[in-house]
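Content type compact mmCIF, C-alpha atoms, from the file target.txt:
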```txt
# COMPACT_ATOMS: atom_id res chain seq x y z
CA MET X 12 -13.25 26.01 -9.90
CA LYS X 13 -10.12 24.07 -8.86
CA LYS X 14 -9.25 21.40 -11.42
CA ILE X 15 -7.00 18.50 -10.41
CA LEU X 16 -5.72 15.57 -12.46
CA VAL X 17 -4.58 12.56 -10.43
CA GLY X 18 -2.43 9.68 -11.66
CA TYR X 19 -2.15 6.77 -11.61
CA ILE X 20 -5.04 4.61 -10.48
CA MET X 21 -5.88 1.08 -11.66
CA ASP X 22 -9.34 -0.25 -10.84
CA GLY X 23 -9.71 1.13 -7.32
CA SER X 24 -8.93 -2.14 -5.55
CA LYS X 25 -5.42 -3.11 -6.64
CA GLY X 26 -3.32 -2.36 -3.60
CA GLY X 27 -2.39 0.55 -1.37
CA ILE X 28 -2.06 3.31 -3.97
CA ASP X 29 -5.57 2.70 -5.31
CA ARG X 30 -7.02 2.78 -1.81
CA TYR X 31 -5.07 5.92 -0.99
CA LEU X 32 -6.33 7.72 -4.10
CA LEU X 33 -9.94 6.81 -3.44
CA ARG X 34 -9.54 8.14 0.07
CA PHE X 35 -7.92 11.28 -1.37
CA VAL X 36 -10.96 12.14 -3.45
CA GLU X 37 -13.27 11.35 -0.51
CA GLN X 38 -11.27 13.69 1.71
CA VAL X 39 -10.84 16.74 -0.48
CA TRP X 40 -13.71 16.81 -2.97
CA GLU X 41 -16.37 19.45 -2.59
CA GLU X 42 -19.01 20.88 -4.91
CA GLY X 43 -17.42 22.95 -7.66
CA MET X 44 -14.15 20.98 -7.64
CA GLN X 45 -13.15 18.78 -10.58
CA ILE X 46 -10.91 15.82 -9.73
CA ASP X 47 -10.10 13.53 -12.67
CA PHE X 48 -7.92 10.43 -12.88
CA LEU X 49 -5.43 8.85 -15.26
CA SER X 50 -5.43 5.06 -15.61
CA ASP X 51 -3.80 2.54 -17.91
CA ARG X 52 -6.95 0.42 -17.91
CA ASP X 53 -10.67 0.89 -18.45
CA SER X 54 -12.71 -0.13 -15.38
CA ASP X 55 -16.49 0.31 -15.19
CA LYS X 56 -16.29 -0.58 -11.50
CA LEU X 57 -13.92 2.31 -10.83
CA LYS X 58 -16.01 4.75 -12.84
CA LYS X 59 -19.06 3.80 -10.77
CA LYS X 60 -17.15 4.43 -7.53
CA LEU X 61 -16.22 7.92 -8.73
CA GLU X 62 -19.65 8.91 -10.07
CA LYS X 63 -20.69 10.78 -6.93
CA TYR X 64 -17.58 12.97 -7.19
CA LYS X 65 -18.28 13.72 -10.88
CA SER X 66 -14.77 12.48 -11.62
CA ARG X 67 -13.71 11.33 -15.05
CA VAL X 68 -11.26 8.49 -15.67
CA PHE X 69 -9.02 8.98 -18.69
CA PRO X 70 -7.43 5.76 -19.99
CA VAL X 71 -3.88 6.27 -21.26
CA PRO X 72 -1.34 3.81 -22.74
CA SER X 73 0.87 1.98 -20.26
CA LEU X 74 4.54 2.72 -19.67
CA TRP X 75 5.38 0.06 -22.27
CA HIS X 76 4.23 2.64 -24.86
CA PRO X 77 6.00 5.79 -23.62
CA LEU X 78 5.54 8.03 -26.66
CA ALA X 79 1.83 7.22 -26.95
CA GLN X 80 1.40 7.75 -23.18
CA TYR X 81 3.14 11.13 -23.39
CA GLN X 82 1.07 12.31 -26.35
CA GLN X 83 -2.26 11.19 -24.90
CA THR X 84 -1.50 12.53 -21.42
CA ARG X 85 -0.36 15.91 -22.73
CA LYS X 86 -3.48 16.18 -24.89
CA ILE X 87 -5.71 15.55 -21.85
CA MET X 88 -3.86 18.17 -19.81
CA GLU X 89 -3.94 20.82 -22.53
CA GLN X 90 -7.62 20.29 -23.31
CA ASN X 91 -8.71 20.51 -19.66
CA ARG X 92 -6.21 23.10 -18.35
CA TYR X 93 -5.68 21.65 -14.87
CA ASP X 94 -4.50 23.76 -11.93
CA ILE X 95 -2.77 20.79 -10.29
CA VAL X 96 -1.41 17.50 -11.61
CA TYR X 97 -0.88 15.05 -8.76
CA LEU X 98 1.18 11.98 -9.74
CA ASN X 99 1.45 8.96 -7.42
CA ILE X 100 4.24 6.67 -8.53
CA SER X 101 6.58 3.89 -7.37
CA THR X 102 9.66 4.48 -9.51
CA ALA X 103 11.28 7.41 -11.29
CA ILE X 104 10.97 5.47 -14.56
CA ASP X 105 7.36 6.64 -14.52
CA PHE X 106 8.33 10.24 -15.33
CA ILE X 107 6.29 10.66 -18.51
CA GLY X 108 3.19 12.14 -16.85
CA ALA X 109 5.34 14.73 -15.06
CA LYS X 110 7.12 15.60 -18.32
CA ALA X 111 3.76 16.04 -20.07
CA ALA X 112 2.51 18.26 -17.22
CA LYS X 113 5.55 20.51 -17.36
CA ASP X 114 5.40 20.78 -21.15
CA SER X 115 1.68 21.62 -20.89
CA GLY X 116 2.41 24.54 -18.57
CA VAL X 117 0.65 23.12 -15.49
CA ARG X 118 1.34 25.46 -12.55
CA GLU X 119 1.58 22.80 -9.81
CA VAL X 120 3.04 19.35 -10.52
CA ILE X 121 3.07 17.29 -7.34
CA LEU X 122 5.10 14.07 -7.22
CA HIS X 123 4.26 11.48 -4.56
CA SER X 124 6.48 8.43 -3.92
CA HIS X 125 4.76 5.31 -2.60
CA SER X 126 7.54 2.72 -2.67
CA GLY X 127 11.06 1.90 -1.63
CA GLY X 128 12.14 -0.47 -4.41
CA ASN X 129 11.39 -2.15 -7.73
CA ASP X 130 8.85 -4.96 -7.65
CA CYS X 131 10.19 -7.40 -10.21
CA GLU X 132 10.47 -11.16 -9.69
CA ASN X 133 13.23 -11.68 -12.24
CA ALA X 134 16.63 -10.72 -10.80
CA LYS X 135 18.16 -9.61 -14.12
CA LYS X 136 15.15 -7.48 -15.04
CA ARG X 137 15.11 -6.00 -11.55
CA MET X 138 18.75 -5.00 -11.92
CA ILE X 139 17.94 -3.26 -15.23
CA TYR X 140 14.90 -1.52 -13.71
CA ASP X 141 16.98 -0.37 -10.75
CA MET X 142 19.58 1.07 -13.12
CA LEU X 143 16.91 2.88 -15.16
CA HIS X 144 15.30 4.17 -11.97
CA HIS X 145 18.56 5.67 -10.72
CA ILE X 146 19.21 7.29 -14.10
CA CYS X 147 15.71 8.82 -14.18
CA LYS X 148 16.05 9.87 -10.55
CA THR X 149 18.79 12.34 -11.55
CA PHE X 150 16.29 14.50 -13.48
CA PHE X 151 12.80 13.33 -12.46
CA PHE X 152 12.57 15.60 -9.41
CA ARG X 153 13.08 18.68 -11.62
CA LEU X 154 9.71 18.01 -13.27
CA GLY X 155 7.82 18.59 -10.00
CA THR X 156 7.05 21.71 -8.02
CA ARG X 157 6.47 19.77 -4.82
CA HIS X 158 7.77 16.40 -3.67
CA TYR X 159 5.82 14.10 -1.36
CA ALA X 160 6.28 10.57 -0.05
CA CYS X 161 4.50 8.20 2.32
CA SER X 162 7.69 7.92 4.42
CA LYS X 163 11.27 9.17 4.59
CA SER X 164 12.56 5.93 3.04
CA ALA X 165 10.14 6.32 0.11
CA GLY X 166 11.45 9.86 -0.26
CA TYR X 167 15.09 8.79 -0.42
CA TRP X 168 14.17 6.08 -2.94
CA MET X 169 12.56 8.59 -5.32
CA TYR X 170 14.41 11.89 -4.83
CA PRO X 171 17.96 13.13 -4.22
CA LYS X 172 18.95 13.71 -0.60
CA LYS X 173 18.92 17.49 -1.10
CA ILE X 174 15.20 17.33 -1.95
CA VAL X 175 14.21 15.08 0.98
CA GLU X 176 16.00 17.40 3.38
CA SER X 177 14.47 20.56 1.90
CA GLU X 178 11.20 22.44 2.40
CA ALA X 179 9.99 21.11 -0.97
CA PHE X 180 9.58 17.66 0.60
CA GLN X 181 6.70 16.54 2.80
CA ILE X 182 5.50 13.22 4.21
CA ILE X 183 1.82 12.53 3.54
CA TYR X 184 0.84 9.71 5.86
CA ASN X 185 -1.35 6.85 4.62
CA ALA X 186 -4.39 7.48 6.81
CA VAL X 187 -6.80 4.90 8.18
CA ASP X 188 -10.42 5.33 9.21
CA MET X 189 -9.97 4.61 12.92
CA LYS X 190 -13.72 4.05 13.39
CA LYS X 191 -13.74 1.37 10.73
CA TYR X 192 -10.68 -0.40 12.10
CA GLN X 193 -11.72 -1.10 15.68
CA TYR X 194 -11.45 -4.48 17.36
CA LYS X 195 -14.71 -6.08 18.48
CA GLU X 196 -14.81 -9.41 20.27
CA ALA X 197 -18.28 -10.27 18.93
CA VAL X 198 -17.11 -9.79 15.34
CA ARG X 199 -14.03 -11.91 16.04
CA CYS X 200 -16.26 -14.81 17.10
CA GLN X 201 -18.43 -14.32 14.02
CA VAL X 202 -15.48 -14.36 11.62
CA ARG X 203 -13.90 -17.44 13.14
CA LYS X 204 -17.24 -19.26 13.06
CA GLN X 205 -17.75 -18.33 9.40
CA MET X 206 -14.19 -19.43 8.58
CA GLN X 207 -14.79 -22.71 10.43
CA VAL X 208 -11.81 -22.29 12.73
CA PRO X 209 -11.70 -25.74 14.41
CA LYS X 210 -10.74 -24.79 17.97
CA GLU X 211 -10.90 -21.77 20.23
CA ASN X 212 -7.15 -21.99 20.82
CA THR X 213 -6.31 -22.19 17.09
CA ARG X 214 -3.82 -19.43 16.27
CA ILE X 215 -4.62 -17.42 13.16
CA ILE X 216 -1.68 -15.74 11.45
CA GLY X 217 -2.75 -13.08 8.97
CA HIS X 218 -1.18 -11.53 5.90
CA VAL X 219 -2.69 -8.97 3.50
CA GLY X 220 -0.99 -7.98 0.26
CA ASN X 221 -0.69 -8.48 -3.47
CA PHE X 222 1.24 -11.62 -4.33
CA CYS X 223 4.49 -10.23 -5.73
CA TYR X 224 8.24 -10.10 -5.22
CA GLN X 225 7.99 -7.13 -2.87
CA LYS X 226 5.70 -8.86 -0.35
CA ASN X 227 7.88 -12.00 -0.11
CA GLN X 228 5.07 -14.51 0.56
CA GLU X 229 7.35 -17.47 -0.29
CA PHE X 230 9.19 -16.81 2.97
CA LEU X 231 5.89 -17.05 4.84
CA ILE X 232 5.52 -20.66 3.67
CA GLN X 233 8.93 -21.47 5.17
CA ILE X 234 7.90 -19.74 8.40
CA MET X 235 4.62 -21.63 8.50
CA GLU X 236 6.47 -24.95 8.19
CA GLU X 237 8.36 -24.08 11.37
CA ILE X 238 5.25 -22.81 13.16
CA VAL X 239 3.22 -26.02 12.73
CA LYS X 240 6.14 -28.02 14.16
CA ARG X 241 5.89 -25.96 17.34
CA TYR X 242 2.13 -25.34 17.45
CA PRO X 243 0.07 -27.58 15.11
CA ASP X 244 -3.21 -25.77 15.84
CA THR X 245 -2.33 -22.88 13.57
CA GLN X 246 -3.78 -21.44 10.36
CA MET X 247 -2.45 -18.76 8.05
CA TRP X 248 -4.84 -16.52 6.10
CA PHE X 249 -3.65 -14.88 2.90
CA LEU X 250 -5.74 -11.96 1.61
CA GLY X 251 -4.86 -10.80 -1.88
CA THR X 252 -4.14 -11.95 -5.41
CA GLY X 253 -1.25 -11.43 -7.80
CA LYS X 254 1.33 -12.76 -10.19
CA THR X 255 3.18 -15.00 -7.68
CA GLU X 256 0.07 -16.53 -6.10
CA LYS X 257 0.35 -19.82 -8.02
CA LYS X 258 3.99 -20.15 -6.99
CA VAL X 259 3.08 -19.64 -3.32
CA ARG X 260 0.17 -22.09 -3.56
CA ASP X 261 2.52 -24.70 -5.07
CA LEU X 262 5.02 -24.17 -2.27
CA ALA X 263 2.26 -24.61 0.33
CA ARG X 264 1.11 -27.84 -1.32
CA LYS X 265 4.66 -29.26 -1.52
CA ALA X 266 5.16 -28.41 2.17
CA GLY X 267 1.97 -30.30 3.06
CA LEU X 268 0.30 -27.15 4.42
CA GLU X 269 -2.92 -27.19 2.37
CA GLU X 270 -5.04 -27.69 5.49
CA GLN X 271 -3.29 -24.95 7.48
CA ILE X 272 -3.16 -22.21 4.81
CA ARG X 273 -6.24 -20.42 3.49
CA PHE X 274 -6.08 -18.33 0.32
CA LEU X 275 -8.98 -15.90 0.60
CA GLY X 276 -8.41 -13.80 -2.51
CA GLN X 277 -9.03 -10.09 -3.04
CA THR X 278 -11.43 -8.42 -0.62
CA GLU X 279 -12.72 -4.90 -0.15
CA ASN X 280 -13.29 -5.45 3.57
CA PRO X 281 -9.98 -6.70 5.05
CA GLU X 282 -11.05 -5.19 8.39
CA TYR X 283 -13.54 -8.06 8.78
CA TYR X 284 -10.80 -10.69 8.56
CA TYR X 285 -8.40 -8.74 10.80
CA GLN X 286 -10.93 -9.32 13.58
CA GLY X 287 -10.43 -13.09 13.46
CA MET X 288 -6.61 -13.04 13.42
CA ASP X 289 -4.22 -13.38 16.36
CA VAL X 290 -1.10 -11.85 14.80
CA PHE X 291 -0.28 -10.03 11.57
CA VAL X 292 2.93 -10.72 9.61
CA LEU X 293 4.53 -8.70 6.80
CA PRO X 294 7.99 -9.93 5.66
CA SER X 295 8.34 -7.45 2.78
CA ARG X 296 11.64 -7.04 0.97
CA PHE X 297 10.91 -3.29 0.80
CA GLU X 298 8.02 -0.87 1.35
CA GLY X 299 7.22 2.79 1.11
CA LEU X 300 4.91 2.60 4.08
CA PRO X 301 2.48 -0.36 4.15
CA LEU X 302 -1.11 0.76 4.72
CA VAL X 303 -2.06 -2.77 5.77
CA GLY X 304 0.47 -2.55 8.59
CA VAL X 305 -1.26 0.55 9.94
CA GLU X 306 -4.70 -1.05 9.55
CA ALA X 307 -3.66 -4.20 11.39
CA GLN X 308 -2.21 -2.21 14.28
CA CYS X 309 -5.39 -0.11 14.54
CA MET X 310 -7.25 -3.41 14.98
CA LYS X 311 -4.94 -4.05 17.96
CA LEU X 312 -3.28 -6.98 16.27
CA PRO X 313 0.27 -7.73 17.41
CA CYS X 314 2.41 -7.18 14.30
CA ILE X 315 5.64 -8.70 13.01
CA PHE X 316 7.41 -6.72 10.29
CA SER X 317 10.68 -7.24 8.43
CA ASP X 318 13.30 -4.68 9.39
CA THR X 319 13.36 -3.44 5.78
CA ILE X 320 10.05 -1.68 6.56
CA THR X 321 10.38 1.85 7.88
CA LYS X 322 9.93 2.27 11.64
CA GLU X 323 7.52 5.12 10.88
CA VAL X 324 4.82 2.46 10.46
CA GLN X 325 4.86 1.59 14.18
CA ILE X 326 1.85 2.96 16.07
CA GLN X 327 1.62 0.41 18.90
CA GLU X 328 3.90 -1.14 21.48
CA GLN X 329 3.25 -4.75 20.38
CA CYS X 330 5.11 -4.31 17.10
CA THR X 331 8.29 -6.26 16.32
CA PHE X 332 10.81 -5.81 13.50
CA ILE X 333 12.93 -8.82 12.43
CA SER X 334 15.72 -9.15 9.90
CA LEU X 335 15.02 -11.22 6.81
CA LYS X 336 18.44 -12.76 7.46
CA GLU X 337 17.02 -14.48 10.54
CA SER X 338 15.96 -18.10 10.12
CA PRO X 339 12.31 -19.14 9.52
CA GLY X 340 12.51 -20.81 12.93
CA LYS X 341 13.37 -17.51 14.63
CA TRP X 342 10.46 -15.84 12.87
CA ALA X 343 8.16 -18.69 13.92
CA GLU X 344 9.11 -18.36 17.59
CA THR X 345 8.59 -14.59 17.55
CA ILE X 346 5.21 -14.90 15.82
CA LEU X 347 3.90 -17.54 18.22
CA GLN X 348 5.03 -15.51 21.22
CA SER X 349 3.27 -12.40 19.89
CA ALA X 350 0.12 -14.39 19.09
CA GLN X 351 -0.37 -15.03 22.81
CA CYS X 352 -0.90 -11.33 23.48
CA GLU X 353 -4.51 -10.44 24.30
CA ARG X 354 -5.91 -7.77 22.00
CA GLU X 355 -7.13 -5.71 24.97
CA CYS X 356 -3.53 -5.46 26.19
CA VAL X 357 -2.23 -3.85 22.99
CA ARG X 358 -1.22 -0.23 23.65
CA MET X 359 -1.17 2.45 20.95
CA THR X 360 1.48 5.18 20.74
CA GLU X 361 1.25 8.89 19.92
CA GLN X 362 2.48 8.12 16.40
CA MET X 363 -1.04 6.85 15.74
CA ASN X 364 -2.25 10.47 15.47
CA CYS X 365 -0.25 10.87 12.23
CA TYR X 366 -2.50 8.33 10.52
CA THR X 367 -5.92 9.73 11.32
CA LEU X 368 -8.25 10.90 8.56
CA GLU X 369 -8.38 14.31 10.24
CA ASN X 370 -4.60 14.72 9.97
CA GLN X 371 -4.57 13.60 6.35
CA ARG X 372 -7.48 15.87 5.44
CA ARG X 373 -5.68 18.82 7.01
CA GLN X 374 -2.50 18.06 5.03
CA MET X 375 -4.35 17.64 1.75
CA LYS X 376 -6.55 20.71 2.13
CA THR X 377 -3.49 22.82 2.89
CA TRP X 378 -1.68 22.07 -0.36
CA ILE X 379 -4.82 22.15 -2.52
CA CYS X 380 -5.58 25.67 -1.28
CA LEU X 381 -2.07 26.96 -2.01
```

Take the structure in the file and write it out as structure tokens.
Amino acid sequence: MKKILVGYIMDGSKGGIDRYLLRFVEQVWEEGMQIDFLSDRDSDKLKKKLEKYKSRVFPVPSLWHPLAQYQQTRKIMEQNRYDIVYLNISTAIDFIGAKAAKDSGVREVILHSHSGGNDCENAKKRMIYDMLHHICKTFFFRLGTRHYACSKSAGYWMYPKKIVESEAFQIIYNAVDMKKYQYKEAVRCQVRKQMQVPKENTRIIGHVGNFCYQKNQEFLIQIMEEIVKRYPDTQMWFLGTGKTEKKVRDLARKAGLEEQIRFLGQTENPEYYYQGMDVFVLPSRFEGLPLVGVEAQCMKLPCIFSDTITKEVQIQEQCTFISLKESPGKWAETILQSAQCERECVRMTEQMNCYTLENQRRQMKTWICL
């Protein structure tokens, strides 16, 4: 029986890594396989989701308690004697699980990078975290037997250049269920009716993401100010929650945009709201590879991305990358122009094939069977 320990998951709904890991277990699990998870929180909701896979969730101390995390993680690994430890992380500071795996004698320790920067609102703390990350990066890669990332940029963020350009490195694309993310005109009408969109020609600008420094939602408020000057019949839908949500809400109120901006909170079915949008915008300061960007494109939404996001995310022709140095007015003009594109006219590219469930399943099955 193949035994795999996966880290780190939160509650199954907190962002792209959680969604990726749930899809991972869906893709590779089969009878006789044991796939367990490490988490720094105790979630009954997550445990229920994993019941059908007979997966266990082991709570471990957070990174703020490194020695306790190391001791507890190593104990779990030694007691269960895993064949593979598969660690999904955003910074090299989170090396403790890999250290515990190596010290426990685990045969395969797979490291998977999901980010391209440190998500910290405070500039001084971010500078310290960046420094610690680069220090840990000098030895972190030695703790793994294989090195994965969701994109080349996420690879360069986490590993030395010699690793990214070696056979030890592989890109594992963040797959999307193409059947689930299909545009349907009837659903679009239903969503807009439910959301009480006032007019047929009202433009809906969409954004999905946790409210945090990385996602840069404050800039979206500045952009929206410029948009309503040019096209008053516009709404912006925010899907997500997070630590900077109150700040963004306050900015929207001060800008007099309370009627135009809708905060819809966390949802497990973003595909429903994609249907009602006219354009999707992601002005991130950095990304590994944003799963929401792939989802939105699959729904044939014209997409506007910051140029800090890797071009590997592009799977359709109606996809534009803009510098964050450009003015909010420039962003507004580009967004409104893209919003005029009919969904039926959006054309997908061959890169789309990299993000199918079939391709991801093939990649995952290959390394699990090694």

One residue among X:Pro339, X:Gly299, X:Pro281, X:Gly276 is nearest to Asp130 (chain X) when using all atoms listed in the file, and that residue is X:Gly299

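Counting all atoms listed in the file, the residue from X:Asn129, X:Ser295, X:Gln371, X:Thr213 that sits nearest to Ser334 (chain X) is X:Ser295.
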
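Put simply, CA of Lys341 (chain X) is 15.1 Å away from CA of Cys314 (chain X).
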
- prompt: Using only C-alpha atoms, which of X:Asn99, X:Thr84, X:Gln205, X:Ser162 sits nearest Tyr283 (chain X)?
  reply: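 Closest to Tyr283 (chain X), using only C-alpha atoms: X:Gln205.
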
Distance query region 243-259 of chain X at most 8 Å, only C-alpha atoms, self and fewer than 4 positions along chain excluded, as number ranges by chain: X: 210, 212-224, 228-229, 232, 235, 238-239, 263, 271-278, 281

Rebuild region 91-101 of chain X to all heavy atoms - output it as a PDB file, keeping the file's coordinate frame, please.
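And here's result-v6.pdb as it stands now:
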```pdb
ATOM      1  N   ASN X  91      -7.949  20.253 -20.884  1.00  0.00           N
ATOM      2  CA  ASN X  91      -8.710  20.510 -19.660  1.00  0.00           C
ATOM      3  C   ASN X  91      -8.092  21.590 -18.767  1.00  0.00           C
ATOM      4  O   ASN X  91      -8.718  22.024 -17.808  1.00  0.00           O
ATOM      5  CB  ASN X  91      -8.867  19.209 -18.866  1.00  0.00           C
ATOM      6  CG  ASN X  91      -9.748  18.212 -19.576  1.00  0.00           C
ATOM      7  OD1 ASN X  91     -10.971  18.295 -19.530  1.00  0.00           O
ATOM      8  ND2 ASN X  91      -9.136  17.246 -20.242  1.00  0.00           N
ATOM      9  N   ARG X  92      -6.869  21.993 -19.052  1.00  0.00           N
ATOM     10  CA  ARG X  92      -6.210  23.100 -18.350  1.00  0.00           C
ATOM     11  C   ARG X  92      -6.316  22.949 -16.814  1.00  0.00           C
ATOM     12  O   ARG X  92      -6.953  23.741 -16.123  1.00  0.00           O
ATOM     13  CB  ARG X  92      -6.802  24.439 -18.803  1.00  0.00           C
ATOM     14  CG  ARG X  92      -6.670  24.664 -20.300  1.00  0.00           C
ATOM     15  CD  ARG X  92      -7.216  26.011 -20.726  1.00  0.00           C
ATOM     16  NE  ARG X  92      -6.427  27.096 -20.135  1.00  0.00           N
ATOM     17  CZ  ARG X  92      -5.286  27.542 -20.675  1.00  0.00           C
ATOM     18  NH1 ARG X  92      -4.791  26.976 -21.771  1.00  0.00           N
ATOM     19  NH2 ARG X  92      -4.642  28.538 -20.119  1.00  0.00           N
ATOM     20  N   TYR X  93      -5.644  21.946 -16.300  1.00  0.00           N
ATOM     21  CA  TYR X  93      -5.680  21.650 -14.870  1.00  0.00           C
ATOM     22  C   TYR X  93      -4.821  22.632 -14.067  1.00  0.00           C
ATOM     23  O   TYR X  93      -3.772  23.076 -14.537  1.00  0.00           O
ATOM     24  CB  TYR X  93      -5.209  20.220 -14.603  1.00  0.00           C
ATOM     25  CG  TYR X  93      -6.185  19.186 -15.115  1.00  0.00           C
ATOM     26  CD1 TYR X  93      -5.973  18.546 -16.333  1.00  0.00           C
ATOM     27  CD2 TYR X  93      -7.330  18.860 -14.390  1.00  0.00           C
ATOM     28  CE1 TYR X  93      -6.870  17.606 -16.818  1.00  0.00           C
ATOM     29  CE2 TYR X  93      -8.233  17.922 -14.871  1.00  0.00           C
ATOM     30  CZ  TYR X  93      -8.004  17.306 -16.074  1.00  0.00           C
ATOM     31  OH  TYR X  93      -8.897  16.384 -16.552  1.00  0.00           O
ATOM     32  N   ASP X  94      -5.288  22.934 -12.843  1.00  0.00           N
ATOM     33  CA  ASP X  94      -4.500  23.760 -11.930  1.00  0.00           C
ATOM     34  C   ASP X  94      -3.393  22.954 -11.276  1.00  0.00           C
ATOM     35  O   ASP X  94      -2.298  23.458 -11.013  1.00  0.00           O
ATOM     36  CB  ASP X  94      -5.407  24.341 -10.831  1.00  0.00           C
ATOM     37  CG  ASP X  94      -6.545  25.161 -11.395  1.00  0.00           C
ATOM     38  OD1 ASP X  94      -6.246  26.221 -11.959  1.00  0.00           O
ATOM     39  OD2 ASP X  94      -7.707  24.736 -11.290  1.00  0.00           O
ATOM     40  N   ILE X  95      -3.706  21.675 -10.988  1.00  0.00           N
ATOM     41  CA  ILE X  95      -2.770  20.790 -10.290  1.00  0.00           C
ATOM     42  C   ILE X  95      -2.747  19.436 -10.993  1.00  0.00           C
ATOM     43  O   ILE X  95      -3.801  18.884 -11.327  1.00  0.00           O
ATOM     44  CB  ILE X  95      -3.172  20.580  -8.815  1.00  0.00           C
ATOM     45  CG1 ILE X  95      -3.163  21.912  -8.050  1.00  0.00           C
ATOM     46  CG2 ILE X  95      -2.255  19.570  -8.131  1.00  0.00           C
ATOM     47  CD1 ILE X  95      -3.721  21.794  -6.625  1.00  0.00           C
ATOM     48  N   VAL X  96      -1.571  18.898 -11.208  1.00  0.00           N
ATOM     49  CA  VAL X  96      -1.410  17.500 -11.610  1.00  0.00           C
ATOM     50  C   VAL X  96      -0.705  16.790 -10.467  1.00  0.00           C
ATOM     51  O   VAL X  96       0.374  17.212 -10.026  1.00  0.00           O
ATOM     52  CB  VAL X  96      -0.604  17.370 -12.920  1.00  0.00           C
ATOM     53  CG1 VAL X  96      -0.220  15.914 -13.161  1.00  0.00           C
ATOM     54  CG2 VAL X  96      -1.421  17.890 -14.096  1.00  0.00           C
ATOM     55  N   TYR X  97      -1.337  15.743  -9.960  1.00  0.00           N
ATOM     56  CA  TYR X  97      -0.880  15.050  -8.760  1.00  0.00           C
ATOM     57  C   TYR X  97      -0.554  13.598  -9.125  1.00  0.00           C
ATOM     58  O   TYR X  97      -1.449  12.782  -9.312  1.00  0.00           O
ATOM     59  CB  TYR X  97      -1.977  15.125  -7.696  1.00  0.00           C
ATOM     60  CG  TYR X  97      -1.683  14.419  -6.397  1.00  0.00           C
ATOM     61  CD1 TYR X  97      -0.420  14.403  -5.830  1.00  0.00           C
ATOM     62  CD2 TYR X  97      -2.717  13.781  -5.698  1.00  0.00           C
ATOM     63  CE1 TYR X  97      -0.170  13.764  -4.632  1.00  0.00           C
ATOM     64  CE2 TYR X  97      -2.494  13.147  -4.489  1.00  0.00           C
ATOM     65  CZ  TYR X  97      -1.219  13.133  -3.962  1.00  0.00           C
ATOM     66  OH  TYR X  97      -0.981  12.500  -2.776  1.00  0.00           O
ATOM     67  N   LEU X  98       0.741  13.277  -9.233  1.00  0.00           N
ATOM     68  CA  LEU X  98       1.180  11.980  -9.740  1.00  0.00           C
ATOM     69  C   LEU X  98       1.708  11.098  -8.615  1.00  0.00           C
ATOM     70  O   LEU X  98       2.674  11.453  -7.930  1.00  0.00           O
ATOM     71  CB  LEU X  98       2.247  12.181 -10.810  1.00  0.00           C
ATOM     72  CG  LEU X  98       1.777  12.974 -12.043  1.00  0.00           C
ATOM     73  CD1 LEU X  98       2.951  13.298 -12.937  1.00  0.00           C
ATOM     74  CD2 LEU X  98       0.711  12.201 -12.800  1.00  0.00           C
ATOM     75  N   ASN X  99       1.091   9.931  -8.457  1.00  0.00           N
ATOM     76  CA  ASN X  99       1.450   8.960  -7.420  1.00  0.00           C
ATOM     77  C   ASN X  99       2.151   7.789  -8.095  1.00  0.00           C
ATOM     78  O   ASN X  99       1.542   7.043  -8.861  1.00  0.00           O
ATOM     79  CB  ASN X  99       0.200   8.499  -6.698  1.00  0.00           C
ATOM     80  CG  ASN X  99      -0.465   9.628  -5.941  1.00  0.00           C
ATOM     81  OD1 ASN X  99      -0.302   9.766  -4.739  1.00  0.00           O
ATOM     82  ND2 ASN X  99      -1.231  10.452  -6.649  1.00  0.00           N
ATOM     83  N   ILE X 100       3.436   7.621  -7.791  1.00  0.00           N
ATOM     84  CA  ILE X 100       4.240   6.670  -8.530  1.00  0.00           C
ATOM     85  C   ILE X 100       5.148   5.861  -7.591  1.00  0.00           C
ATOM     86  O   ILE X 100       5.323   6.197  -6.415  1.00  0.00           O
ATOM     87  CB  ILE X 100       5.099   7.368  -9.615  1.00  0.00           C
ATOM     88  CG1 ILE X 100       5.540   8.775  -9.217  1.00  0.00           C
ATOM     89  CG2 ILE X 100       4.285   7.592 -10.874  1.00  0.00           C
ATOM     90  CD1 ILE X 100       6.643   8.977  -8.408  1.00  0.00           C
ATOM     91  N   SER X 101       5.711   4.768  -8.153  1.00  0.00           N
ATOM     92  CA  SER X 101       6.580   3.890  -7.370  1.00  0.00           C
ATOM     93  C   SER X 101       8.035   3.932  -7.796  1.00  0.00           C
ATOM     94  O   SER X 101       8.917   3.554  -7.029  1.00  0.00           O
ATOM     95  CB  SER X 101       6.065   2.442  -7.453  1.00  0.00           C
ATOM     96  OG  SER X 101       4.765   2.341  -6.903  1.00  0.00           O
TER      97      SER X 101
END
```
